[in-house]
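Undergrad: This is structure.cif (mmCIF, C-alpha atoms).
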```cif
data_work
#
loop_
_atom_site.label_atom_id
_atom_site.label_comp_id
_atom_site.auth_asym_id
_atom_site.auth_seq_id
_atom_site.Cartn_x
_atom_site.Cartn_y
_atom_site.Cartn_z
CA MET T 170 8.14 -31.23 -13.95
CA PRO T 171 5.91 -32.96 -11.39
CA ALA T 172 2.58 -31.29 -10.78
CA SER T 173 2.37 -29.49 -7.44
CA SER T 174 -0.27 -30.63 -4.99
CA GLN T 175 -2.23 -28.67 -2.44
CA VAL T 176 -2.62 -29.94 1.12
CA PRO T 177 -4.03 -28.19 4.20
CA GLY T 178 -1.87 -25.20 5.18
CA TYR T 179 -0.01 -25.24 1.88
CA TYR T 180 -0.51 -22.56 -0.75
CA LEU T 181 0.12 -22.37 -4.48
CA GLN T 182 -1.17 -18.80 -4.46
CA PHE T 183 1.50 -16.13 -4.91
CA ALA T 184 -0.50 -13.67 -7.02
CA SER T 185 -1.04 -11.13 -4.23
CA ASP T 186 -1.04 -10.73 -0.48
CA ASN T 187 -4.73 -9.88 -1.04
CA THR T 188 -5.43 -13.54 -1.72
CA ALA T 189 -4.56 -14.62 1.83
CA GLY T 190 -7.40 -14.81 4.31
CA ALA T 191 -7.71 -12.76 7.47
CA CYS T 192 -5.03 -13.53 10.05
CA PRO T 193 -6.29 -15.24 13.23
CA GLU T 194 -5.85 -12.19 15.47
CA ALA T 195 -7.81 -9.89 13.16
CA LEU T 196 -10.53 -12.47 12.55
CA ALA T 197 -10.97 -13.06 16.27
CA ALA T 198 -11.35 -9.31 16.83
CA PHE T 199 -13.84 -9.08 13.96
CA ASN T 200 -15.95 -11.83 15.53
CA SER T 201 -15.66 -10.36 19.03
CA ALA T 202 -17.11 -7.09 17.71
CA ASN T 203 -20.31 -8.96 16.86
CA THR T 204 -21.78 -8.43 20.33
CA GLY T 205 -24.72 -6.33 21.45
CA PHE T 206 -25.86 -2.95 20.19
CA ILE T 207 -23.16 -0.35 19.50
CA SER T 208 -23.34 3.17 18.10
CA SER T 209 -22.94 3.37 14.34
CA TYR T 210 -20.93 5.42 11.81
CA GLY T 211 -17.78 5.48 13.91
CA GLU T 212 -19.35 6.78 17.11
CA ASP T 213 -18.58 3.53 18.93
CA GLU T 214 -15.99 3.20 21.67
CA VAL T 215 -13.92 0.62 19.77
CA THR T 216 -13.33 2.98 16.86
CA LYS T 217 -12.39 5.81 19.21
CA VAL T 218 -9.87 3.58 21.01
CA VAL T 219 -8.30 2.44 17.72
CA CYS T 220 -7.96 6.03 16.52
CA ASP T 221 -6.19 6.93 19.76
CA ARG T 222 -3.91 3.91 19.41
CA LEU T 223 -2.94 5.03 15.92
CA ARG T 224 -2.21 8.51 17.26
CA GLN T 225 0.08 6.90 19.81
CA LEU T 226 1.70 4.79 17.10
CA PHE T 227 2.50 7.85 14.99
CA ALA T 228 3.32 10.01 18.02
CA THR T 229 1.17 12.90 16.82
CA ASP T 230 -2.38 14.22 17.00
CA CYS T 231 -3.56 12.99 13.60
CA ASP T 232 -7.08 12.43 12.26
CA VAL T 233 -7.98 8.82 11.39
CA TYR T 234 -10.73 7.48 9.12
CA PHE T 235 -11.57 3.96 7.99
CA VAL T 236 -12.74 2.94 4.50
CA PHE T 237 -13.38 -0.40 2.85
CA ASN T 238 -10.54 -0.63 0.31
CA GLY T 239 -7.36 0.89 -1.03
CA THR T 240 -8.90 2.41 -4.14
CA ALA T 241 -11.27 4.46 -2.02
CA ALA T 242 -8.56 5.37 0.49
CA ASN T 243 -6.12 6.71 -2.10
CA SER T 244 -8.68 8.32 -4.39
CA LEU T 245 -10.60 10.12 -1.65
CA ALA T 246 -7.39 11.19 0.09
CA LEU T 247 -5.99 12.68 -3.12
CA ALA T 248 -9.31 14.39 -3.81
CA SER T 249 -8.88 16.11 -0.43
CA LEU T 250 -5.56 17.58 -1.54
CA CYS T 251 -6.46 19.21 -4.83
CA GLN T 252 -9.12 20.86 -6.96
CA SER T 253 -10.43 19.62 -10.31
CA TYR T 254 -8.16 21.96 -12.27
CA GLN T 255 -4.99 20.84 -10.48
CA GLY T 256 -2.56 17.96 -10.91
CA VAL T 257 -1.22 15.04 -8.89
CA ILE T 258 2.36 13.91 -9.55
CA CYS T 259 2.94 10.17 -9.31
CA ALA T 260 5.39 7.56 -10.58
CA GLU T 261 4.75 6.08 -14.02
CA SER T 262 4.18 2.71 -12.35
CA ALA T 263 1.99 4.02 -9.52
CA HIS T 264 -1.20 2.11 -8.75
CA VAL T 265 -3.19 5.35 -8.83
CA GLU T 266 -2.23 5.55 -12.51
CA THR T 267 -2.28 1.89 -13.58
CA ASP T 268 -4.82 0.11 -11.38
CA LYS T 269 -7.57 2.45 -10.15
CA CYS T 270 -9.86 2.65 -13.19
CA GLY T 271 -9.60 6.45 -13.16
CA ALA T 272 -10.88 6.70 -9.57
CA PRO T 273 -8.47 9.49 -8.47
CA GLU T 274 -9.60 11.63 -11.41
CA PHE T 275 -13.26 10.73 -10.81
CA PHE T 276 -13.37 11.59 -7.11
CA SER T 277 -11.36 14.80 -7.60
CA ASN T 278 -13.71 15.82 -10.44
CA GLY T 279 -10.91 15.73 -12.97
CA ALA T 280 -7.54 16.46 -11.36
CA LYS T 281 -4.92 15.20 -13.79
CA LEU T 282 -2.26 12.63 -12.93
CA LEU T 283 1.18 13.86 -14.03
CA LEU T 284 3.61 10.99 -14.51
CA ALA T 285 7.14 11.23 -13.15
CA ARG T 286 10.00 9.10 -14.40
CA GLN T 287 10.90 6.30 -12.04
CA THR T 288 13.67 3.82 -11.46
CA GLU T 289 12.45 0.49 -10.06
CA GLY T 290 9.31 2.19 -8.81
CA ARG T 291 10.95 5.18 -7.11
CA MET T 292 10.33 8.62 -8.58
CA ASP T 293 13.23 10.65 -9.93
CA ALA T 294 13.42 13.78 -7.76
CA ALA T 295 14.77 15.99 -10.57
CA HIS T 296 11.90 15.02 -12.85
CA VAL T 297 9.38 15.65 -10.08
CA GLU T 298 10.70 19.21 -9.78
CA HIS T 299 10.61 19.56 -13.57
CA LEU T 300 6.93 18.55 -13.64
CA ILE T 301 6.15 21.10 -10.95
CA THR T 302 7.97 24.02 -12.57
CA ARG T 303 7.81 23.45 -16.32
CA ARG T 304 4.61 25.46 -16.81
CA ARG T 305 2.81 28.15 -14.85
CA ASP T 306 0.06 29.13 -17.29
CA GLN T 307 -3.65 28.48 -16.84
CA HIS T 308 -3.73 26.12 -19.83
CA TYR T 309 -1.95 23.39 -17.86
CA PRO T 310 -3.06 21.62 -14.67
CA ARG T 311 -1.42 23.28 -11.70
CA PRO T 312 0.47 20.63 -9.67
CA LYS T 313 -0.90 20.51 -6.13
CA ALA T 314 -0.12 17.06 -4.75
CA LEU T 315 2.66 14.50 -4.84
CA THR T 316 1.92 10.84 -4.16
CA LEU T 317 4.48 8.10 -3.54
CA THR T 318 3.98 4.40 -2.85
CA GLN T 319 5.76 2.71 0.05
CA ALA T 320 6.64 -0.10 -0.61
CA THR T 321 6.55 0.64 -4.35
CA GLU T 322 4.67 -1.31 -6.98
CA LEU T 323 7.97 -2.87 -8.02
CA GLY T 324 8.76 -4.07 -4.52
CA THR T 325 11.38 -1.44 -3.75
CA LEU T 326 11.56 0.95 -0.81
CA TYR T 327 12.11 4.66 -0.43
CA SER T 328 14.53 5.43 2.37
CA VAL T 329 13.41 7.98 4.95
CA ASP T 330 15.88 10.46 3.43
CA GLU T 331 14.42 9.90 -0.06
CA ILE T 332 10.91 10.50 1.24
CA ALA T 333 12.06 13.67 2.97
CA ALA T 334 13.83 14.90 -0.18
CA LEU T 335 10.71 14.45 -2.33
CA SER T 336 8.55 16.05 0.35
CA ASP T 337 10.92 18.99 0.54
CA ILE T 338 10.61 19.57 -3.20
CA ALA T 339 6.83 19.42 -2.90
CA LYS T 340 6.67 21.78 0.08
CA ARG T 341 8.95 24.36 -1.55
CA HIS T 342 6.49 24.60 -4.42
CA GLY T 343 3.30 24.51 -2.36
CA LEU T 344 2.32 20.87 -2.97
CA TYR T 345 0.84 18.47 -0.43
CA THR T 346 2.28 14.98 -0.04
CA HIS T 347 0.43 11.68 0.07
CA MET T 348 1.73 8.18 0.75
CA ASP T 349 0.03 5.12 -0.71
CA GLY T 350 0.86 2.68 2.07
CA ALA T 351 -0.91 -0.42 0.81
CA ARG T 352 2.17 -2.30 2.06
CA PHE T 353 3.21 0.25 4.66
CA ALA T 354 3.64 -2.52 7.25
CA ASN T 355 6.10 -4.41 5.04
CA ALA T 356 8.07 -1.26 4.33
CA LEU T 357 8.27 -0.33 7.99
CA ALA T 358 9.28 -3.85 9.03
CA ALA T 359 12.01 -3.87 6.38
CA LEU T 360 13.46 -0.44 7.19
CA ALA T 361 13.14 -0.81 10.97
CA VAL T 362 12.33 2.87 11.48
CA SER T 363 9.51 4.48 13.43
CA PRO T 364 6.11 5.11 11.80
CA ALA T 365 6.53 8.83 12.56
CA ASP T 366 9.95 9.00 10.90
CA MET T 367 8.66 7.41 7.70
CA THR T 368 5.62 9.68 7.48
CA TRP T 369 4.94 13.10 8.98
CA ARG T 370 8.48 13.75 10.17
CA ALA T 371 9.57 13.15 6.56
CA GLY T 372 6.95 15.59 5.30
CA ILE T 373 3.96 13.34 4.52
CA ASP T 374 0.58 15.09 4.92
CA VAL T 375 -1.68 12.05 4.56
CA LEU T 376 -1.07 8.31 4.67
CA CYS T 377 -3.29 5.55 3.34
CA PHE T 378 -2.35 2.78 5.77
CA GLY T 379 -3.09 -0.60 4.18
CA GLY T 380 -4.91 -3.10 6.36
CA THR T 381 -6.15 -5.70 3.92
CA LYS T 382 -2.75 -6.77 2.64
CA MET T 383 -1.33 -7.12 6.14
CA GLY T 384 -4.02 -9.54 7.29
CA LEU T 385 -7.26 -7.68 8.04
CA PRO T 386 -10.50 -9.10 6.64
CA LEU T 387 -11.12 -5.71 5.01
CA GLY T 388 -10.45 -2.05 5.52
CA GLU T 389 -7.80 0.66 5.25
CA ALA T 390 -6.99 3.59 7.53
CA VAL T 391 -6.62 7.09 6.13
CA VAL T 392 -4.40 9.11 8.44
CA PHE T 393 -4.26 12.90 8.08
CA PHE T 394 -1.15 14.32 9.72
CA ASN T 395 -2.13 17.71 8.28
CA ARG T 396 -5.48 17.77 10.04
CA ALA T 397 -6.81 20.76 8.13
CA LEU T 398 -6.80 18.68 4.95
CA GLY T 399 -9.10 16.09 6.52
CA GLU T 400 -11.75 18.41 7.93
CA ASP T 401 -14.37 17.33 5.38
CA PHE T 402 -13.20 13.77 4.87
CA SER T 403 -16.13 12.12 6.67
CA TRP T 404 -18.46 13.84 4.19
CA ARG T 405 -16.37 12.57 1.29
CA CYS T 406 -16.60 9.06 2.72
CA LYS T 407 -20.35 9.30 3.08
CA GLN T 408 -20.86 10.60 -0.46
CA ALA T 409 -18.60 7.89 -1.90
CA GLY T 410 -20.37 5.06 -0.05
CA GLN T 411 -17.36 4.49 2.21
CA LEU T 412 -18.80 5.50 5.59
CA ALA T 413 -19.48 2.17 7.27
CA SER T 414 -22.62 2.10 9.39
CA LYS T 415 -21.26 -0.82 11.44
CA MET T 416 -17.84 0.78 11.74
CA ARG T 417 -16.81 -1.49 14.60
CA PHE T 418 -16.22 -4.31 12.11
CA LEU T 419 -13.69 -2.15 10.25
CA SER T 420 -11.95 -0.77 13.33
CA ALA T 421 -11.88 -3.70 15.81
CA PRO T 422 -9.41 -5.82 13.78
CA TRP T 423 -6.98 -2.90 13.81
CA LEU T 424 -6.86 -3.03 17.59
CA ALA T 425 -5.85 -6.69 17.48
CA MET T 426 -3.16 -5.97 14.90
CA LEU T 427 -1.69 -3.12 16.94
CA ASP T 428 -1.51 -5.17 20.13
CA ASP T 429 1.99 -6.60 20.71
CA ASP T 430 3.09 -5.29 17.27
CA THR T 431 1.19 -8.15 15.60
CA TRP T 432 1.06 -6.18 12.34
CA LEU T 433 4.84 -5.84 12.21
CA LYS T 434 5.40 -9.50 13.11
CA HIS T 435 3.18 -10.64 10.24
CA ALA T 436 4.82 -8.16 7.84
CA GLY T 437 8.26 -9.30 8.94
CA HIS T 438 7.25 -12.92 8.29
CA ALA T 439 6.14 -12.08 4.75
CA ASN T 440 9.34 -10.13 4.11
CA ARG T 441 11.51 -12.95 5.41
CA LEU T 442 9.87 -15.51 3.13
CA ALA T 443 10.23 -13.20 0.14
CA ARG T 444 13.96 -12.96 0.88
CA ARG T 445 14.10 -16.74 1.21
CA LEU T 446 12.52 -17.15 -2.23
CA ALA T 447 14.71 -14.46 -3.82
CA GLU T 448 17.89 -16.03 -2.44
CA ARG T 449 16.97 -19.43 -3.85
CA LEU T 450 16.11 -18.01 -7.24
CA ALA T 451 19.24 -15.84 -7.37
CA ALA T 452 21.30 -19.01 -7.01
CA LEU T 453 19.84 -20.44 -10.24
CA PRO T 454 22.24 -19.91 -13.16
CA GLY T 455 21.20 -17.37 -15.78
CA LEU T 456 18.10 -16.20 -13.89
CA ALA T 457 17.59 -12.46 -13.34
CA CYS T 458 15.99 -11.98 -9.93
CA ARG T 459 15.71 -8.70 -8.03
CA PRO T 460 16.69 -8.65 -4.36
CA ALA T 461 13.57 -8.69 -2.18
CA GLN T 462 13.31 -5.44 -0.23
CA ALA T 463 9.81 -6.07 1.15
CA ASN T 464 7.41 -8.98 0.52
CA SER T 465 7.55 -9.32 -3.27
CA VAL T 466 9.93 -11.15 -5.59
CA PHE T 467 10.36 -10.12 -9.22
CA VAL T 468 12.10 -12.54 -11.56
CA GLN T 469 12.62 -12.66 -15.33
CA LEU T 470 11.28 -16.05 -16.42
CA PRO T 471 11.04 -17.37 -19.99
CA GLU T 472 7.47 -17.74 -21.27
CA PRO T 473 7.71 -21.58 -21.47
CA ALA T 474 8.82 -21.70 -17.84
CA MET T 475 5.89 -19.53 -16.72
CA ALA T 476 3.49 -21.71 -18.70
CA ARG T 477 4.83 -24.83 -16.98
CA LEU T 478 4.45 -23.24 -13.57
CA ARG T 479 0.87 -22.23 -14.23
CA GLN T 480 0.08 -25.67 -15.60
CA ALA T 481 1.41 -27.09 -12.33
CA GLY T 482 -1.04 -24.90 -10.41
CA TRP T 483 1.08 -21.95 -9.29
CA VAL T 484 -0.75 -18.63 -9.38
CA PHE T 485 1.24 -15.42 -9.95
CA HIS T 486 1.19 -12.28 -12.06
CA THR T 487 3.40 -11.08 -14.87
CA PHE T 488 3.99 -7.47 -14.04
CA ILE T 489 5.63 -4.31 -15.33
CA GLY T 490 8.50 -5.23 -17.63
CA ASP T 491 7.07 -8.73 -18.17
CA MET T 492 8.66 -9.98 -14.97
CA ALA T 493 6.96 -12.66 -12.92
CA ARG T 494 5.86 -11.35 -9.53
CA PHE T 495 5.51 -13.60 -6.50
CA MET T 496 3.95 -12.05 -3.40
CA CYS T 497 4.36 -13.41 0.12
CA SER T 498 1.86 -12.77 2.91
CA TRP T 499 1.35 -13.45 6.60
CA ALA T 500 -0.01 -16.88 5.57
CA THR T 501 2.81 -17.95 3.25
CA THR T 502 4.74 -20.98 4.51
CA GLU T 503 8.39 -21.95 4.18
CA ALA T 504 7.25 -25.20 2.59
CA ALA T 505 5.35 -23.29 -0.10
CA VAL T 506 8.36 -21.09 -0.83
CA ASP T 507 10.74 -24.01 -1.06
CA HIS T 508 8.37 -25.98 -3.27
CA LEU T 509 7.91 -22.98 -5.55
CA ALA T 510 11.67 -22.44 -5.83
CA ALA T 511 12.12 -26.13 -6.73
CA ASP T 512 9.37 -25.97 -9.36
CA ILE T 513 10.84 -22.80 -10.87
CA ALA T 514 14.21 -24.52 -11.14
CA ALA T 515 12.54 -27.53 -12.79
CA SER T 516 10.58 -25.29 -15.16
CA LEU T 517 13.84 -23.94 -16.58
#
```
Can the structure in the file be given as C-alpha cells, please?
TA:
Amino acid sequence: MPASSQVPGYYLQFASDNTAGACPEALAAFNSANTGFISSYGEDEVTKVVCDRLRQLFATDCDVYFVFNGTAANSLALASLCQSYQGVICAESAHVETDKCGAPEFFSNGAKLLLARQTEGRMDAAHVEHLITRRRDQHYPRPKALTLTQATELGTLYSVDEIAALSDIAKRHGLYTHMDGARFANALAALAVSPADMTWRAGIDVLCFGGTKMGLPLGEAVVFFNRALGEDFSWRCKQAGQLASKMRFLSAPWLAMLDDDTWLKHAGHANRLARRLAERLAALPGLACRPAQANSVFVQLPEPAMARLRQAGWVFHTFIGDMARFMCSWATTEAAVDHLAADIAASL
C-alpha cells in the first residue's frame, strides 16, 4: 500500500475531533476578546450576552457556566446532583466511567457509579429501573442521578423519545438527569430537532454542552435547566480551579459559534463526512462497518490492516469491542476521507 502523504489542508488525523484546531470563527472571536480591560470572573458583558443567547437557544431561563474541559464539566455537574453516599447510573461504556480517572467520584466525595447495560452505547431502560429499585437499604449507594451521553461513546444517538423515557424512569424514582453533551452539536444536527426538545423538554436537568469538539479553542458550557441544582455551582468551579479569571476568552468564541448557526453547520459537515466514509467502507466486501449516526465511524478491521494503516501515517483509535474508530471534525476534508477509504481498502 502506498504511504499516505500530508499536504497543507490535508489531514491523516482521525483519532478524535479534539485533534482539530479551533475553527476560524471561534478563533477570530477569541482574538477579538483580547482588547482593553474587562471585568473578570464572568462579570464581563460578553459572558452575559452569551449566557442570554444560550437561554434563547434553549427557550428557557436556564443558568449557564463555563469551564475549561469536559472532565470538569461532567464531574462538577454530577457532583451538584448527588451526595457522597449516593449513586450515579451510567452506561457501561460511558466516558464518566471509562475515561475520567475517577473524577466524578472525586468531586462528589465518593458517589458511586452504577453501571447499566447498554446496546451500542444506549442504556437499557429496564436495567436502569432495576438498578434504581433493586435495593433500598442503607448498605447500598442510593441512586440519585442518571447520566446519558448524546451522541454516545459508540457513535449512536438517543431519540428524543428514548431520552424522555429514561428521564421519566428517573423522575418517578426521585433521580435527577444529566446529559454528557460532548458531541451535543453533532447529535442535534443529525436528529434535526430543537435544543429544547432534546434536553429540558425531554426531562434533562443539566446539560454539559461540548464546545471543544465542535471547534472552540477550549471550553464547555454547563447548562442548568433545573436552576436550583446550580445555585452553588460557581463555588464548585472556584474550588476545582475551573473559574476562569479572564472568562471572556472562554465565552467570546461561543458567541461566534451561535451566530448564523455556525455550530450546527460545522457539526453537520463532520456528520456528512462520517457518513461518506461509512458508505465507502460498507461497500467493501466482508467488512463490518456501523452506519454513521453522528460524526464517528466504527469498523471491524483485522490487526494487520490496522498496522498497515498506522505505518502509512493514519492516526485513529481502537475502541470498545476492538473496533477501529475514525472521528470526523469541522476541519476534516472530503479528500482526506476518500484517501482514507482507499487506504483502508488497500490495507485489506
Undergrad: Give me, as a ChimeraX atom specification, all polymer residues having an atom no more than 12 Å from T:Asp366, counting only C-alpha atoms and skipping those fewer than 2 positions away in the same chain.
TA: /T:226-229,328-333,357,360-364,368-373
Undergrad: Using the chain letters and numbering of this document, enumerate as a list in words the residues selected by the PyMOL selection byres ((chain T and resi 325) around 8).
TA: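 That expression, the PyMOL selection byres ((chain T and resi 325) around 8), corresponds here to Glu289, Gly290, Arg291, Gln319, Ala320, Thr321, Glu322, Leu323, Gly324, Leu326, Tyr327, Ala461, Gln462 and Ala463 of chain T.
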Undergrad: I would like the residues chosen by the PyMOL selection byres ((chain T and resi 187) around 7) on the shown file; could you give them as a list in words?
TA: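 That selection, the PyMOL selection byres ((chain T and resi 187) around 7), comes back as Ser185, Asp186, Thr188, Ala189, Thr381 and Lys382 of chain T.
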Undergrad: Which residues are near T:Ala248? Cut-off 10 Å, only C-alpha atoms, ignore same chain within fewer than 5 positions. Put them as JSON, numbers by chain.
TA: {"T": [243, 253, 257, 272, 273, 274, 275, 276, 277, 278, 279, 280, 314, 402, 405]}
Undergrad: Pick from T:Ile207, T:Cys220, T:Ala447, T:Ala476: nearest to T:Tyr234, with all atoms listed in the file counted?
TA: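 Smallest distance to T:Tyr234 is found for T:Cys220.
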Undergrad: I'd like the interatomic distance between atom CA of T:Cys231 and atom CA of T:Lys269, to a tenth of an Å.
TA: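 Separation of atom CA of T:Cys231 and atom CA of T:Lys269: 26.3 Å.
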Undergrad: Running the PyMOL selection byres ((chain T and resi 221) around 12) on this model by hand, what would come out? Give it as a list in words.
TA: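 Selection result, ordered by chain and number: Glu214, Val215, Thr216, Lys217, Val218, Val219, Cys220, Arg222, Leu223, Arg224, Gln225, Leu226, Phe227, Ala228, Thr229, Asp230, Cys231, Asp232, Val233, Tyr234, Val392, Ser420, Trp423, Leu424 and Leu427 of chain T.
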Undergrad: Can you pull out the residues contacting T:Tyr309? Cut-off 9 Å, using all atoms listed in the file, and skip same-chain residues under 5 positions away; I want them as a list in words.
TA: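 Listed by chain and then number, they are Tyr254, Gln255, Gly256 and Arg304 of chain T.
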Undergrad: Determine the nearest neighbour of T:Ile489 from the options T:Asn200, T:Glu261, T:Phe378, T:Leu446, counting all atoms listed in the file.
TA: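 Answer, going by the shortest atom-to-atom distance: T:Glu261.
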Undergrad: Counting all atoms listed in the file, which residue out of T:Arg479, T:His486, T:Arg449, T:His435 sits closest to T:Val506?
TA: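 When distances to T:Val506 are compared using all atoms listed in the file, the smallest one comes from T:Arg449.
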Undergrad: Write out as a list in words which residues come within 12 Å of T:Gly455 when counting all atoms listed in the file, dropping same-chain ones fewer than 6 positions away.
TA: Val468, Gln469, Leu470, Pro471, Ala514 and Leu517 of chain T
Undergrad: For each of T:Val236, T:Ala195, T:Ile513, T:Val484, take the minimum atom-to-atom distance to T:Ser414, counting only C-alpha atoms, then give the residue where this is smallest.
TA: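 For T:Ser414, the nearest of the candidates is T:Val236.
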Undergrad: Closest to T:Ala443 among T:Gly388, T:Pro460, T:Gly271, T:Pro422, using only C-alpha atoms?
TA: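 Among T:Gly388, T:Pro460, T:Gly271, T:Pro422, it is T:Pro460 that comes nearest to T:Ala443.
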Undergrad: Quick check, in Å to one decimal: how far apart do atom CA of T:Arg305 and atom CA of T:Gln252 lie?
TA: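 Interatomic distance here is 16.1 Å.
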Undergrad: What gap, in Å, lies between atom CA of T:Ala359 and atom CA of T:Glu298?
TA: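 It comes out at 28.2 Å.
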Undergrad: Around all listed atoms of stretch 385-395 of chain T, padded 3 Å per side, what centre and edge lengths does the axis-aligned box have in Å to one decimal, as AutoDock Vina command-line options?
TA:
```
--center_x -6.1 --center_y 4.3 --center_z 7.4 --size_x 16.0 --size_y 32.8 --size_z 10.7
```
Undergrad: Could I get stretch 414-495 of chain T from the block written as a PDB file, in the first residue's frame, with C-alpha atoms?
TA:
```
ATOM      1  CA  SER T 414     -10.399  34.886  35.725  1.00  0.00           C
ATOM      2  CA  LYS T 415     -10.311  36.028  32.084  1.00  0.00           C
ATOM      3  CA  MET T 416     -13.696  34.481  31.358  1.00  0.00           C
ATOM      4  CA  ARG T 417     -14.139  36.465  28.151  1.00  0.00           C
ATOM      5  CA  PHE T 418     -11.716  34.104  26.396  1.00  0.00           C
ATOM      6  CA  LEU T 419     -13.964  31.154  27.256  1.00  0.00           C
ATOM      7  CA  SER T 420     -17.252  32.854  26.428  1.00  0.00           C
ATOM      8  CA  ALA T 421     -16.497  35.022  23.359  1.00  0.00           C
ATOM      9  CA  PRO T 422     -15.940  32.070  20.972  1.00  0.00           C
ATOM     10  CA  TRP T 423     -19.395  30.763  21.898  1.00  0.00           C
ATOM     11  CA  LEU T 424     -20.955  33.941  20.578  1.00  0.00           C
ATOM     12  CA  ALA T 425     -19.277  33.433  17.209  1.00  0.00           C
ATOM     13  CA  MET T 426     -20.430  29.815  17.073  1.00  0.00           C
ATOM     14  CA  LEU T 427     -24.034  30.728  17.870  1.00  0.00           C
ATOM     15  CA  ASP T 428     -24.191  33.423  15.200  1.00  0.00           C
ATOM     16  CA  ASP T 429     -25.843  32.160  11.993  1.00  0.00           C
ATOM     17  CA  ASP T 430     -25.956  28.606  13.454  1.00  0.00           C
ATOM     18  CA  THR T 431     -22.219  28.230  12.780  1.00  0.00           C
ATOM     19  CA  TRP T 432     -22.009  25.456  15.379  1.00  0.00           C
ATOM     20  CA  LEU T 433     -24.654  23.390  13.604  1.00  0.00           C
ATOM     21  CA  LYS T 434     -23.104  23.975  10.178  1.00  0.00           C
ATOM     22  CA  HIS T 435     -19.735  22.688  11.383  1.00  0.00           C
ATOM     23  CA  ALA T 436     -21.369  19.720  13.142  1.00  0.00           C
ATOM     24  CA  GLY T 437     -23.370  18.918  10.030  1.00  0.00           C
ATOM     25  CA  HIS T 438     -20.169  18.984   7.964  1.00  0.00           C
ATOM     26  CA  ALA T 439     -18.489  16.499  10.309  1.00  0.00           C
ATOM     27  CA  ASN T 440     -21.553  14.254  10.265  1.00  0.00           C
ATOM     28  CA  ARG T 441     -21.751  14.331   6.482  1.00  0.00           C
ATOM     29  CA  LEU T 442     -18.111  13.290   6.081  1.00  0.00           C
ATOM     30  CA  ALA T 443     -18.554  10.483   8.590  1.00  0.00           C
ATOM     31  CA  ARG T 444     -21.474   9.183   6.506  1.00  0.00           C
ATOM     32  CA  ARG T 445     -19.329   9.498   3.387  1.00  0.00           C
ATOM     33  CA  LEU T 446     -16.602   7.381   4.980  1.00  0.00           C
ATOM     34  CA  ALA T 447     -19.067   4.810   6.357  1.00  0.00           C
ATOM     35  CA  GLU T 448     -20.745   4.399   2.969  1.00  0.00           C
ATOM     36  CA  ARG T 449     -17.416   3.768   1.255  1.00  0.00           C
ATOM     37  CA  LEU T 450     -16.336   1.263   3.871  1.00  0.00           C
ATOM     38  CA  ALA T 451     -19.702  -0.527   3.877  1.00  0.00           C
ATOM     39  CA  ALA T 452     -19.215  -1.188   0.171  1.00  0.00           C
ATOM     40  CA  LEU T 453     -16.018  -3.160   0.844  1.00  0.00           C
ATOM     41  CA  PRO T 454     -16.707  -6.916   0.824  1.00  0.00           C
ATOM     42  CA  GLY T 455     -16.532  -8.695   4.173  1.00  0.00           C
ATOM     43  CA  LEU T 456     -16.011  -5.506   6.206  1.00  0.00           C
ATOM     44  CA  ALA T 457     -18.250  -4.877   9.231  1.00  0.00           C
ATOM     45  CA  CYS T 458     -18.923  -1.150   9.444  1.00  0.00           C
ATOM     46  CA  ARG T 459     -21.583   0.525  11.571  1.00  0.00           C
ATOM     47  CA  PRO T 460     -23.783   3.165   9.954  1.00  0.00           C
ATOM     48  CA  ALA T 461     -22.622   6.646  10.976  1.00  0.00           C
ATOM     49  CA  GLN T 462     -25.294   8.357  13.053  1.00  0.00           C
ATOM     50  CA  ALA T 463     -23.174  11.356  14.064  1.00  0.00           C
ATOM     51  CA  ASN T 464     -19.508  12.139  13.313  1.00  0.00           C
ATOM     52  CA  SER T 465     -17.812   8.827  14.125  1.00  0.00           C
ATOM     53  CA  VAL T 466     -17.257   5.668  12.102  1.00  0.00           C
ATOM     54  CA  PHE T 467     -16.677   2.305  13.766  1.00  0.00           C
ATOM     55  CA  VAL T 468     -15.329  -0.527  11.643  1.00  0.00           C
ATOM     56  CA  GLN T 469     -14.023  -4.019  12.411  1.00  0.00           C
ATOM     57  CA  LEU T 470     -10.568  -4.173  10.844  1.00  0.00           C
ATOM     58  CA  PRO T 471      -8.087  -7.064  11.036  1.00  0.00           C
ATOM     59  CA  GLU T 472      -4.978  -6.317  13.095  1.00  0.00           C
ATOM     60  CA  PRO T 473      -2.643  -6.494  10.040  1.00  0.00           C
ATOM     61  CA  ALA T 474      -4.805  -3.956   8.230  1.00  0.00           C
ATOM     62  CA  MET T 475      -4.705  -1.549  11.190  1.00  0.00           C
ATOM     63  CA  ALA T 476      -0.940  -1.947  11.414  1.00  0.00           C
ATOM     64  CA  ARG T 477      -0.576  -1.077   7.719  1.00  0.00           C
ATOM     65  CA  LEU T 478      -2.747   1.996   8.125  1.00  0.00           C
ATOM     66  CA  ARG T 479      -0.744   3.246  11.082  1.00  0.00           C
ATOM     67  CA  GLN T 480       2.502   2.572   9.257  1.00  0.00           C
ATOM     68  CA  ALA T 481       1.158   4.729   6.425  1.00  0.00           C
ATOM     69  CA  GLY T 482       0.591   7.577   8.891  1.00  0.00           C
ATOM     70  CA  TRP T 483      -3.117   7.368   9.680  1.00  0.00           C
ATOM     71  CA  VAL T 484      -3.958   8.135  13.302  1.00  0.00           C
ATOM     72  CA  PHE T 485      -7.045   6.532  14.878  1.00  0.00           C
ATOM     73  CA  HIS T 486      -8.106   4.661  17.993  1.00  0.00           C
ATOM     74  CA  THR T 487      -9.139   1.075  18.562  1.00  0.00           C
ATOM     75  CA  PHE T 488     -12.141   1.384  20.798  1.00  0.00           C
ATOM     76  CA  ILE T 489     -14.664  -0.655  22.752  1.00  0.00           C
ATOM     77  CA  GLY T 490     -15.021  -4.084  21.160  1.00  0.00           C
ATOM     78  CA  ASP T 491     -11.658  -3.709  19.381  1.00  0.00           C
ATOM     79  CA  MET T 492     -13.252  -1.746  16.566  1.00  0.00           C
ATOM     80  CA  ALA T 493     -11.302   0.964  14.784  1.00  0.00           C
ATOM     81  CA  ARG T 494     -12.820   4.393  15.378  1.00  0.00           C
ATOM     82  CA  PHE T 495     -12.436   7.231  12.890  1.00  0.00           C
TER      83      PHE T 495
END
```
